[in-house]
$ cat input-v9.cif   # mmCIF, C-alpha atoms
data_target
loop_
_atom_site.label_atom_id
_atom_site.label_comp_id
_atom_site.auth_asym_id
_atom_site.auth_seq_id
_atom_site.Cartn_x
_atom_site.Cartn_y
_atom_site.Cartn_z
CA MET N 1 13.77 129.28 -11.55
CA LYS N 2 16.83 127.13 -10.94
CA THR N 3 19.69 129.46 -10.04
CA LEU N 4 19.94 132.22 -7.49
CA ALA N 5 22.72 134.75 -6.99
CA ILE N 6 22.60 136.48 -3.63
CA ILE N 7 24.56 139.56 -2.60
CA VAL N 8 24.82 140.07 1.16
CA SER N 9 26.07 143.43 2.42
CA ARG N 10 24.42 143.85 5.80
CA GLY N 11 26.34 142.28 8.64
CA SER N 12 24.19 142.04 11.74
CA PHE N 13 23.46 138.58 13.05
CA ASN N 14 19.73 138.90 12.41
CA SER N 15 20.42 139.87 8.79
CA LEU N 16 22.56 136.76 8.37
CA ILE N 17 19.77 134.63 9.84
CA GLN N 18 17.47 135.92 7.09
CA VAL N 19 20.03 134.81 4.52
CA VAL N 20 20.55 131.44 6.17
CA THR N 21 16.86 130.60 6.39
CA LEU N 22 16.43 131.53 2.73
CA LEU N 23 19.39 129.28 1.90
CA MET N 24 17.73 126.45 3.81
CA ALA N 25 14.60 126.74 1.70
CA ALA N 26 16.57 127.14 -1.54
CA ALA N 27 19.03 124.30 -0.92
CA GLY N 28 16.21 122.13 0.37
CA SER N 29 14.31 122.77 -2.86
CA GLY N 30 17.16 121.90 -5.18
CA LEU N 31 18.03 125.40 -6.34
CA VAL N 32 21.59 126.26 -7.29
CA VAL N 33 22.72 129.18 -5.14
CA ARG N 34 25.79 131.41 -5.21
CA VAL N 35 26.22 133.84 -2.32
CA PHE N 36 28.56 136.82 -2.30
CA PHE N 37 29.33 138.34 1.11
CA ARG N 38 30.69 141.86 0.88
CA ASP N 39 31.09 145.04 2.92
CA GLU N 40 30.36 144.48 6.64
CA ALA N 41 28.88 141.04 5.96
CA VAL N 42 32.44 139.83 5.40
CA LEU N 43 33.20 140.53 9.06
CA LYS N 44 30.31 138.33 10.14
CA VAL N 45 31.40 135.26 8.19
CA THR N 46 34.68 135.01 10.04
CA LYS N 47 35.44 132.60 12.86
CA THR N 48 35.41 135.43 15.40
CA GLY N 49 32.68 137.61 13.88
CA VAL N 50 30.14 134.81 13.83
CA GLN N 51 30.36 134.49 17.62
CA ASP N 52 28.82 137.93 18.10
CA ILE N 53 25.02 137.64 18.08
CA ASP N 54 24.44 141.34 17.44
CA LEU N 55 21.01 142.58 16.49
CA SER N 56 19.82 145.55 14.45
CA GLU N 57 18.61 148.77 16.06
CA ALA N 58 14.98 147.73 15.64
CA TYR N 59 15.50 145.00 18.24
CA ARG N 60 16.64 147.42 20.95
CA GLY N 61 15.14 146.55 24.31
CA GLN N 62 14.33 142.96 23.42
CA GLU N 63 17.77 141.63 22.54
CA SER N 64 17.93 138.96 25.24
CA ALA N 65 14.47 137.59 24.42
CA VAL N 66 15.28 137.46 20.70
CA ARG N 67 18.61 135.75 21.37
CA GLU N 68 16.80 133.21 23.52
CA ARG N 69 14.28 132.51 20.76
CA LEU N 70 17.08 132.13 18.21
CA ALA N 71 18.76 129.61 20.50
CA ILE N 72 15.53 127.66 20.98
CA GLN N 73 15.12 127.48 17.20
CA GLY N 74 18.69 126.24 16.79
CA LEU N 75 19.69 129.34 14.84
CA THR N 76 22.71 130.56 16.79
CA ASP N 77 25.30 128.16 15.38
CA LEU N 78 25.83 129.68 11.93
CA PRO N 79 28.86 127.55 10.98
CA ARG N 80 26.85 124.37 11.54
CA LEU N 81 23.84 125.73 9.66
CA LEU N 82 25.97 126.75 6.68
CA ARG N 83 27.68 123.36 6.68
CA GLU N 84 24.32 121.54 6.63
CA ILE N 85 23.09 123.78 3.82
CA GLN N 86 26.18 123.08 1.71
CA GLU N 87 25.94 119.35 2.42
CA THR N 88 22.33 119.34 1.23
CA GLY N 89 22.41 121.43 -1.92
CA ASP N 90 24.52 123.09 -4.60
CA VAL N 91 25.38 126.19 -2.59
CA ARG N 92 28.68 128.04 -2.83
CA LEU N 93 29.60 130.82 -0.46
CA TYR N 94 32.02 133.56 -1.44
CA ALA N 95 33.68 136.42 0.39
CA CYS N 96 34.48 139.51 -1.69
CA SER N 97 38.23 139.93 -1.97
CA SER N 98 37.96 143.73 -2.07
CA SER N 99 35.81 143.86 1.05
CA MET N 100 38.22 141.51 2.78
CA ALA N 101 41.08 143.88 2.00
CA ILE N 102 39.13 146.89 3.33
CA CYS N 103 38.00 145.04 6.45
CA GLY N 104 41.38 143.44 7.12
CA VAL N 105 40.03 139.91 6.84
CA ARG N 106 42.40 137.14 5.72
CA ALA N 107 41.33 133.95 3.94
CA GLU N 108 42.21 131.91 7.02
CA ASP N 109 39.86 134.07 9.11
CA LEU N 110 36.82 132.97 7.09
CA LEU N 111 34.46 130.24 8.18
CA ASP N 112 35.09 126.84 6.64
CA GLY N 113 33.32 126.49 3.31
CA ILE N 114 33.62 130.14 2.33
CA GLU N 115 35.82 130.87 -0.68
CA VAL N 116 37.49 134.11 -1.71
CA ARG N 117 36.11 135.50 -4.98
CA GLY N 118 36.54 138.70 -6.91
CA LEU N 119 33.65 141.02 -7.69
CA THR N 120 34.27 140.85 -11.42
CA ALA N 121 34.13 137.07 -11.59
CA PHE N 122 30.95 137.04 -9.50
CA LEU N 123 29.43 139.71 -11.73
CA LEU N 124 30.37 138.13 -15.05
CA GLU N 125 29.86 134.50 -14.16
CA ASP N 126 27.53 133.99 -11.21
CA ILE N 127 25.17 136.93 -11.68
CA ALA N 128 25.12 136.49 -15.45
CA ALA N 129 24.13 132.83 -15.06
CA ALA N 130 21.50 133.40 -12.38
CA ASP N 131 17.77 133.33 -13.00
CA ARG N 132 17.21 135.75 -10.12
CA VAL N 133 19.44 138.02 -8.06
CA LEU N 134 18.58 138.83 -4.45
CA THR N 135 20.20 141.38 -2.17
CA PHE N 136 20.32 141.50 1.60
CA MET D 1 -7.45 123.26 6.96
CA SER D 2 -9.51 120.23 6.09
CA GLU D 3 -8.00 116.90 5.24
CA GLU D 4 -6.72 116.89 1.68
CA GLY D 5 -5.41 114.31 -0.71
CA GLN D 6 -5.76 110.58 -0.63
CA PRO D 7 -5.62 108.49 2.53
CA VAL D 8 -2.18 107.10 3.24
CA GLU D 9 -1.60 103.81 5.04
CA GLU D 10 0.74 104.34 7.97
CA ALA D 11 2.39 101.05 7.06
CA ALA D 12 3.52 102.60 3.79
CA VAL D 13 5.55 105.28 5.57
CA ALA D 14 9.28 104.75 5.13
CA THR D 15 10.49 107.68 7.23
CA ILE D 16 9.06 110.24 9.61
CA VAL D 17 10.48 113.77 9.61
CA ASP D 18 9.64 115.51 12.86
CA ASN D 19 9.62 119.24 12.14
CA ARG D 20 7.70 120.22 15.26
CA GLY D 21 9.08 123.48 16.61
CA MET D 22 10.98 124.22 13.40
CA LEU D 23 10.70 127.26 11.19
CA CYS D 24 9.35 126.59 7.71
CA ALA D 25 12.76 126.74 6.00
CA GLN D 26 14.35 124.47 8.60
CA GLY D 27 11.62 121.95 7.88
CA VAL D 28 12.21 122.03 4.13
CA LEU D 29 15.94 121.50 4.60
CA ARG D 30 15.33 118.60 6.99
CA LEU D 31 12.88 117.03 4.53
CA MET D 32 15.37 117.30 1.67
CA ARG D 33 18.10 115.74 3.82
CA ALA D 34 15.77 112.90 4.84
CA MET D 35 14.93 112.27 1.17
CA LEU D 36 18.56 111.36 0.51
CA THR D 37 18.12 108.06 2.34
CA VAL D 38 14.57 107.25 1.28
CA PRO D 39 14.22 104.70 -1.55
CA PRO D 40 12.48 105.77 -4.78
CA ALA D 41 8.69 105.89 -4.33
CA GLY D 42 9.17 105.76 -0.56
CA VAL D 43 6.64 107.69 1.50
CA VAL D 44 7.73 110.29 4.03
CA LYS D 45 5.47 111.51 6.81
CA VAL D 46 6.19 115.05 7.97
CA LEU D 47 5.01 116.48 11.29
CA SER D 48 4.85 120.29 11.33
CA SER D 49 3.78 122.84 13.90
CA ASP D 50 4.38 125.71 11.46
CA PRO D 51 1.09 126.43 9.66
CA ALA D 52 3.08 127.35 6.53
CA ALA D 53 3.49 123.62 5.95
CA GLU D 54 0.02 123.58 4.44
CA HIS D 55 1.33 125.40 1.38
CA ASP D 56 5.09 124.84 1.61
CA TYR D 57 5.17 121.10 1.03
CA PRO D 58 2.80 121.01 -1.98
CA ALA D 59 4.90 123.80 -3.54
CA TRP D 60 8.11 121.98 -2.67
CA CYS D 61 6.82 118.84 -4.37
CA ARG D 62 5.83 120.73 -7.52
CA THR D 63 9.35 122.17 -7.72
CA THR D 64 11.37 119.07 -6.87
CA GLY D 65 9.34 116.45 -8.71
CA HIS D 66 8.31 114.54 -5.60
CA ARG D 67 4.64 113.66 -5.21
CA PHE D 68 2.48 115.35 -2.62
CA LEU D 69 0.02 112.78 -1.31
CA GLY D 70 -1.92 114.94 1.10
CA HIS D 71 -2.07 116.23 4.61
CA ARG D 72 -4.31 116.29 7.64
CA ARG D 73 -4.47 118.14 10.93
CA GLU D 74 -3.92 116.29 14.20
CA ALA D 75 -4.22 117.39 17.81
CA ASP D 76 -0.97 117.89 19.68
CA ALA D 77 -0.91 118.18 23.46
CA ARG D 78 1.96 120.66 23.53
CA ARG D 79 1.38 122.74 20.42
CA GLY D 80 -2.37 122.61 19.93
CA SER D 81 -2.36 121.17 16.45
CA LEU D 82 -0.04 119.71 13.88
CA ILE D 83 -0.09 119.44 10.12
CA VAL D 84 0.77 115.91 9.07
CA SER D 85 1.91 115.76 5.45
CA PHE D 86 2.69 112.78 3.24
CA VAL D 87 5.22 113.02 0.44
CA GLN D 88 6.30 110.30 -1.96
CA LYS D 89 9.85 110.35 -3.28
CA ARG D 90 10.19 110.67 -7.05
CA VAL D 91 11.11 107.47 -8.87
CA GLN D 92 13.68 108.98 -11.19
CA GLU D 93 16.26 111.64 -10.50
CA PRO D 94 15.89 114.71 -12.73
CA ALA D 95 18.32 115.18 -15.58
CA PRO D 96 21.22 117.52 -14.68
#

$ encode --input "input-v9.cif" --output "C-alpha coordinates"
Amino acid sequence: MKTLAIIVSRGSFNSLIQVVTLLMAAAGSGLVVRVFFRDEAVLKVTKTGVQDIDLSEAYRGQESAVRERLAIQGLTDLPRLLREIQETGDVRLYACSSSMAICGVRAEDLLDGIEVRGLTAFLLEDIAAADRVLTF
Amino acid sequence: MSEEGQPVEEAAVATIVDNRGMLCAQGVLRLMRAMLTVPPAGVVKVLSSDPAAEHDYPAWCRTTGHRFLGHRREADARRGSLIVSFVQKRVQEPAP
(Lines of atoms letter the chains of each structure in order from A and count residues from 1; the text may use other names and numbers.)
(Lines give C-alpha, C1' and ligand atoms only; values in the text may rest on other atoms or scores of the structure.)
Protein backbone atom coordinates (compact mmCIF):
# COMPACT_ATOMS: atom_id res chain seq x y z
CA MET A 1 0.00 0.00 0.00
CA LYS A 2 1.45 3.33 -1.05
CA THR A 3 -1.44 5.74 -1.52
CA LEU A 4 -4.33 6.63 0.74
CA ALA A 5 -7.39 8.73 -0.02
CA ILE A 6 -9.23 9.90 3.06
CA ILE A 7 -12.69 11.45 3.19
CA VAL A 8 -13.43 13.38 6.38
CA SER A 9 -17.04 14.37 7.05
CA ARG A 10 -17.29 14.51 10.83
CA GLY A 11 -16.29 17.83 12.31
CA SER A 12 -15.78 17.53 16.05
CA PHE A 13 -12.31 18.23 17.36
CA ASN A 14 -11.85 14.67 18.61
CA SER A 15 -12.74 13.33 15.16
CA LEU A 16 -10.11 15.58 13.60
CA ILE A 17 -7.55 14.33 16.11
CA GLN A 18 -8.21 10.79 14.88
CA VAL A 19 -7.49 11.96 11.35
CA VAL A 20 -4.39 13.88 12.36
CA THR A 21 -2.84 11.00 14.28
CA LEU A 22 -3.48 8.68 11.34
CA LEU A 23 -1.82 11.26 9.07
CA MET A 24 1.18 11.34 11.39
CA ALA A 25 1.63 7.59 11.06
CA ALA A 26 1.02 7.63 7.30
CA ALA A 27 3.27 10.60 6.52
CA GLY A 28 5.88 9.25 8.88
CA SER A 29 5.81 5.94 7.00
CA GLY A 30 6.21 7.44 3.56
CA LEU A 31 2.67 6.92 2.31
CA VAL A 32 1.16 9.33 -0.19
CA VAL A 33 -2.04 10.74 1.30
CA ARG A 34 -4.82 12.88 -0.12
CA VAL A 35 -7.44 14.14 2.33
CA PHE A 36 -10.82 15.56 1.38
CA PHE A 37 -12.64 17.55 4.08
CA ARG A 38 -16.35 17.89 3.40
CA ASP A 39 -19.65 18.58 5.16
CA GLU A 40 -19.14 19.86 8.74
CA ALA A 41 -15.44 18.96 8.67
CA VAL A 42 -14.95 21.97 6.41
CA LEU A 43 -15.98 24.24 9.29
CA LYS A 44 -13.30 22.73 11.51
CA VAL A 45 -10.41 23.34 9.12
CA THR A 46 -10.92 27.08 9.14
CA LYS A 47 -8.86 29.57 11.12
CA THR A 48 -11.75 30.19 13.50
CA GLY A 49 -13.26 26.70 13.60
CA VAL A 50 -10.00 25.07 14.64
CA GLN A 51 -9.94 27.14 17.82
CA ASP A 52 -13.01 25.36 19.16
CA ILE A 53 -11.97 22.17 20.96
CA ASP A 54 -15.43 20.63 20.87
CA LEU A 55 -15.92 16.99 21.76
CA SER A 56 -18.48 14.40 20.70
CA GLU A 57 -21.46 13.50 22.86
CA ALA A 58 -19.70 10.41 24.19
CA TYR A 59 -17.26 12.65 26.07
CA ARG A 60 -20.00 14.43 28.02
CA GLY A 61 -19.02 14.95 31.64
CA GLN A 62 -15.30 14.55 31.05
CA GLU A 63 -14.65 17.33 28.56
CA SER A 64 -12.20 19.30 30.71
CA ALA A 65 -10.13 16.23 31.58
CA VAL A 66 -9.97 15.16 27.93
CA ARG A 67 -9.00 18.67 26.82
CA GLU A 68 -6.26 18.67 29.45
CA ARG A 69 -4.93 15.33 28.20
CA LEU A 70 -4.99 16.56 24.61
CA ALA A 71 -2.98 19.61 25.67
CA ILE A 72 -0.45 17.47 27.54
CA GLN A 73 0.01 15.33 24.42
CA GLY A 74 0.52 18.43 22.28
CA LEU A 75 -2.61 17.73 20.25
CA THR A 76 -4.51 21.00 20.57
CA ASP A 77 -2.61 23.02 17.96
CA LEU A 78 -4.03 21.50 14.77
CA PRO A 79 -2.50 24.06 12.37
CA ARG A 80 0.99 23.25 13.66
CA LEU A 81 0.36 19.50 13.54
CA LEU A 82 -0.92 19.68 9.96
CA ARG A 83 2.06 21.82 8.96
CA GLU A 84 4.51 19.30 10.43
CA ILE A 85 2.71 16.45 8.68
CA GLN A 86 2.89 18.21 5.31
CA GLU A 87 6.55 19.09 5.85
CA THR A 88 7.34 15.44 6.54
CA GLY A 89 5.44 13.57 3.86
CA ASP A 90 3.54 13.76 0.59
CA VAL A 91 0.23 14.84 2.10
CA ARG A 92 -2.24 17.16 0.40
CA LEU A 93 -5.26 18.53 2.18
CA TYR A 94 -8.38 19.58 0.30
CA ALA A 95 -11.60 21.30 1.25
CA CYS A 96 -14.67 20.36 -0.79
CA SER A 97 -15.83 23.34 -2.82
CA SER A 98 -19.49 22.30 -2.57
CA SER A 99 -19.34 21.94 1.20
CA MET A 100 -17.62 25.30 1.43
CA ALA A 101 -20.47 26.89 -0.51
CA ILE A 102 -23.09 25.27 1.75
CA CYS A 103 -21.21 26.17 4.93
CA GLY A 104 -20.36 29.70 3.81
CA VAL A 105 -16.62 29.12 4.02
CA ARG A 106 -14.33 31.16 1.76
CA ALA A 107 -10.90 30.03 0.55
CA GLU A 108 -9.25 32.68 2.71
CA ASP A 109 -10.99 31.24 5.79
CA LEU A 110 -9.20 27.89 5.42
CA LEU A 111 -6.11 26.95 7.37
CA ASP A 112 -2.84 27.43 5.54
CA GLY A 113 -1.96 24.39 3.46
CA ILE A 114 -5.55 23.44 2.65
CA GLU A 115 -6.55 23.72 -1.00
CA VAL A 116 -10.00 24.00 -2.54
CA ARG A 117 -10.91 20.97 -4.66
CA GLY A 118 -14.03 19.77 -6.40
CA LEU A 119 -15.68 16.46 -5.56
CA THR A 120 -15.44 15.23 -9.14
CA ALA A 121 -11.71 15.79 -9.41
CA PHE A 122 -11.15 14.09 -6.06
CA LEU A 123 -13.34 11.18 -7.14
CA LEU A 124 -11.82 10.71 -10.58
CA GLU A 125 -8.21 11.43 -9.75
CA ASP A 126 -7.39 10.96 -6.07
CA ILE A 127 -9.77 8.13 -5.19
CA ALA A 128 -9.14 6.36 -8.49
CA ALA A 129 -5.38 6.44 -7.87
CA ALA A 130 -5.54 5.37 -4.23
CA ASP A 131 -4.69 1.90 -2.98
CA ARG A 132 -7.10 2.32 -0.06
CA VAL A 133 -9.88 4.76 0.79
CA LEU A 134 -10.68 5.60 4.41
CA THR A 135 -13.62 7.57 5.76
CA PHE A 136 -13.95 9.46 9.00
CA MET B 1 9.20 -8.00 26.09
CA SER B 2 12.61 -9.57 26.16
CA GLU B 3 15.61 -8.03 24.52
CA GLU B 4 15.55 -8.64 20.79
CA GLY B 5 17.93 -8.16 17.92
CA GLN B 6 21.65 -7.67 17.97
CA PRO B 7 23.51 -5.61 20.56
CA VAL B 8 24.14 -2.05 19.45
CA GLU B 9 27.15 -0.04 20.58
CA GLU B 10 26.01 3.27 22.04
CA ALA B 11 28.94 4.90 20.28
CA ALA B 12 27.36 3.98 16.95
CA VAL B 13 24.24 6.03 17.67
CA ALA B 14 24.03 9.11 15.47
CA THR B 15 20.82 10.56 16.88
CA ILE B 16 18.47 9.97 19.78
CA VAL B 17 14.74 10.47 19.29
CA ASP B 18 13.04 10.97 22.63
CA ASN B 19 9.44 9.86 22.21
CA ARG B 20 8.69 9.53 25.91
CA GLY B 21 5.16 10.70 26.60
CA MET B 22 4.22 10.63 22.92
CA LEU B 23 1.41 8.72 21.27
CA CYS B 24 2.53 6.02 18.84
CA ALA B 25 1.78 8.09 15.71
CA GLN B 26 3.55 11.14 17.11
CA GLY B 27 6.59 8.97 17.66
CA VAL B 28 6.60 7.66 14.10
CA LEU B 29 6.34 11.18 12.68
CA ARG B 30 9.18 12.38 14.91
CA LEU B 31 11.33 9.43 13.86
CA MET B 32 10.72 10.12 10.17
CA ARG B 33 11.58 13.80 10.66
CA ALA B 34 14.77 12.87 12.52
CA MET B 35 15.74 10.52 9.68
CA LEU B 36 15.94 13.47 7.31
CA THR B 37 19.17 14.64 8.95
CA VAL B 38 20.72 11.26 9.69
CA PRO B 39 23.44 10.11 7.24
CA PRO B 40 22.90 6.87 5.31
CA ALA B 41 23.53 3.82 7.53
CA GLY B 42 23.37 6.07 10.59
CA VAL B 43 21.88 4.51 13.72
CA VAL B 44 18.99 6.14 15.55
CA LYS B 45 18.10 5.31 19.13
CA VAL B 46 14.43 5.77 19.98
CA LEU B 47 13.10 6.07 23.53
CA SER B 48 9.40 5.19 23.84
CA SER B 49 7.00 5.00 26.74
CA ASP B 50 4.19 3.77 24.47
CA PRO B 51 4.24 -0.06 24.51
CA ALA B 52 3.10 -0.04 20.87
CA ALA B 53 6.70 0.77 19.96
CA GLU B 54 7.51 -2.91 20.31
CA HIS B 55 5.62 -3.63 17.09
CA ASP B 56 5.41 -0.20 15.46
CA TYR B 57 9.08 0.34 14.71
CA PRO B 58 9.79 -3.11 13.21
CA ALA B 59 6.72 -2.63 10.99
CA TRP B 60 7.82 0.90 10.11
CA CYS B 61 11.24 -0.39 9.08
CA ARG B 62 9.74 -3.13 6.89
CA THR B 63 7.64 -0.51 5.10
CA THR B 64 10.22 2.24 4.71
CA GLY B 65 13.30 0.15 3.94
CA HIS B 66 15.21 1.15 7.06
CA ARG B 67 16.79 -1.61 9.12
CA PHE B 68 15.43 -2.55 12.51
CA LEU B 69 18.38 -3.51 14.71
CA GLY B 70 16.52 -4.44 17.87
CA HIS B 71 15.11 -3.13 21.08
CA ARG B 72 15.35 -3.60 24.80
CA ARG B 73 13.40 -2.53 27.86
CA GLU B 74 14.93 -0.12 30.36
CA ALA B 75 13.73 1.15 33.72
CA ASP B 76 12.49 4.72 33.82
CA ALA B 77 12.00 6.53 37.12
CA ARG B 78 8.99 8.52 35.93
CA ARG B 79 7.23 6.11 33.59
CA GLY B 80 8.14 2.70 34.97
CA SER B 81 9.73 1.32 31.84
CA LEU B 82 10.82 2.36 28.39
CA ILE B 83 11.29 0.56 25.11
CA VAL B 84 14.63 1.50 23.60
CA SER B 85 14.73 0.76 19.87
CA PHE B 86 17.60 0.96 17.41
CA VAL B 87 17.01 1.73 13.75
CA GLN B 88 19.57 2.04 10.99
CA LYS B 89 18.88 4.42 8.13
CA ARG B 90 18.69 2.84 4.68
CA VAL B 91 21.73 3.39 2.48
CA GLN B 92 19.85 4.16 -0.71
CA GLU B 93 16.70 6.17 -1.21
CA PRO B 94 13.89 4.15 -2.82
CA ALA B 95 13.09 4.77 -6.46
CA PRO B 96 10.16 7.21 -6.94

$ closest_atom_pairs --input "input-v9.cif" --of "chain N" --to "chain D" --cutoff "9 Å" --atoms "all atoms listed in the file" --output "Markdown table"
| residue | atom | partner | partner_atom | distance |
| --- | --- | --- | --- | --- |
| N:Thr21 | CA | D:Ala25 | CA | 5.6 |
| N:Leu22 | CA | D:Ala25 | CA | 6.9 |
| N:Leu23 | CA | D:Ala25 | CA | 8.2 |
| N:Met24 | CA | D:Leu29 | CA | 5.3 |
| N:Ala25 | CA | D:Ala25 | CA | 4.7 |
| N:Ala26 | CA | D:Leu29 | CA | 8.4 |
| N:Ala27 | CA | D:Leu29 | CA | 6.9 |
| N:Gly28 | CA | D:Leu29 | CA | 4.3 |
| N:Ser29 | CA | D:Thr64 | CA | 6.2 |
| N:Gly30 | CA | D:Thr64 | CA | 6.7 |
| N:Ile72 | CA | D:Gly21 | CA | 8.8 |
| N:Gln73 | CA | D:Met22 | CA | 6.5 |
| N:Gly74 | CA | D:Met22 | CA | 8.7 |
| N:Glu84 | CA | D:Leu29 | CA | 8.6 |
| N:Ile85 | CA | D:Leu29 | CA | 7.5 |
| N:Glu87 | CA | D:Arg33 | CA | 8.7 |
| N:Thr88 | CA | D:Arg33 | CA | 6.1 |
| N:Gly89 | CA | D:Met32 | CA | 8.9 |

$ residues_around --input "input-v9.cif" --residues "region 42-46 of chain D" --least-positions-apart "6" --cutoff "7 Å" --atoms "only C-alpha atoms" --output "list in words"
Ala12, Val13, Ala14, Thr15, Ile16, Val17, Asp18, Asn19, Val84, Ser85, Phe86, Val87, Gln88 and Lys89 of chain D

$ residues_around --input "input-v9.cif" --residues "Arg117 (chain N)" --least-positions-apart "5" --cutoff "8 Å" --atoms "all atoms listed in the file" --output "MDAnalysis selection string"
chainID N and resid 94:97 122

$ axis_aligned_box --input "input-v9.cif" --around "region 26-34 of chain D" --padding-each-side "4 Å" --output "AutoDock Vina command-line options"
--center_x 14.9 --center_y 118.7 --center_z 5.1 --size_x 14.5 --size_y 19.6 --size_z 14.9

$ resolve_selection --input "input-v9.cif" --expression "the PyMOL selection byres ((chain N and resi 35) around 8)" --output "number ranges by chain"
N: 5-8, 33-34, 36-37, 91-94

$ resolve_selection --input "input-v9.cif" --expression "the PyMOL selection byres ((chain N and resi 98-104) around 8)" --output "PyMOL selection string"
chain N and resi 38-40+42-43+95-97+105-106+118-119
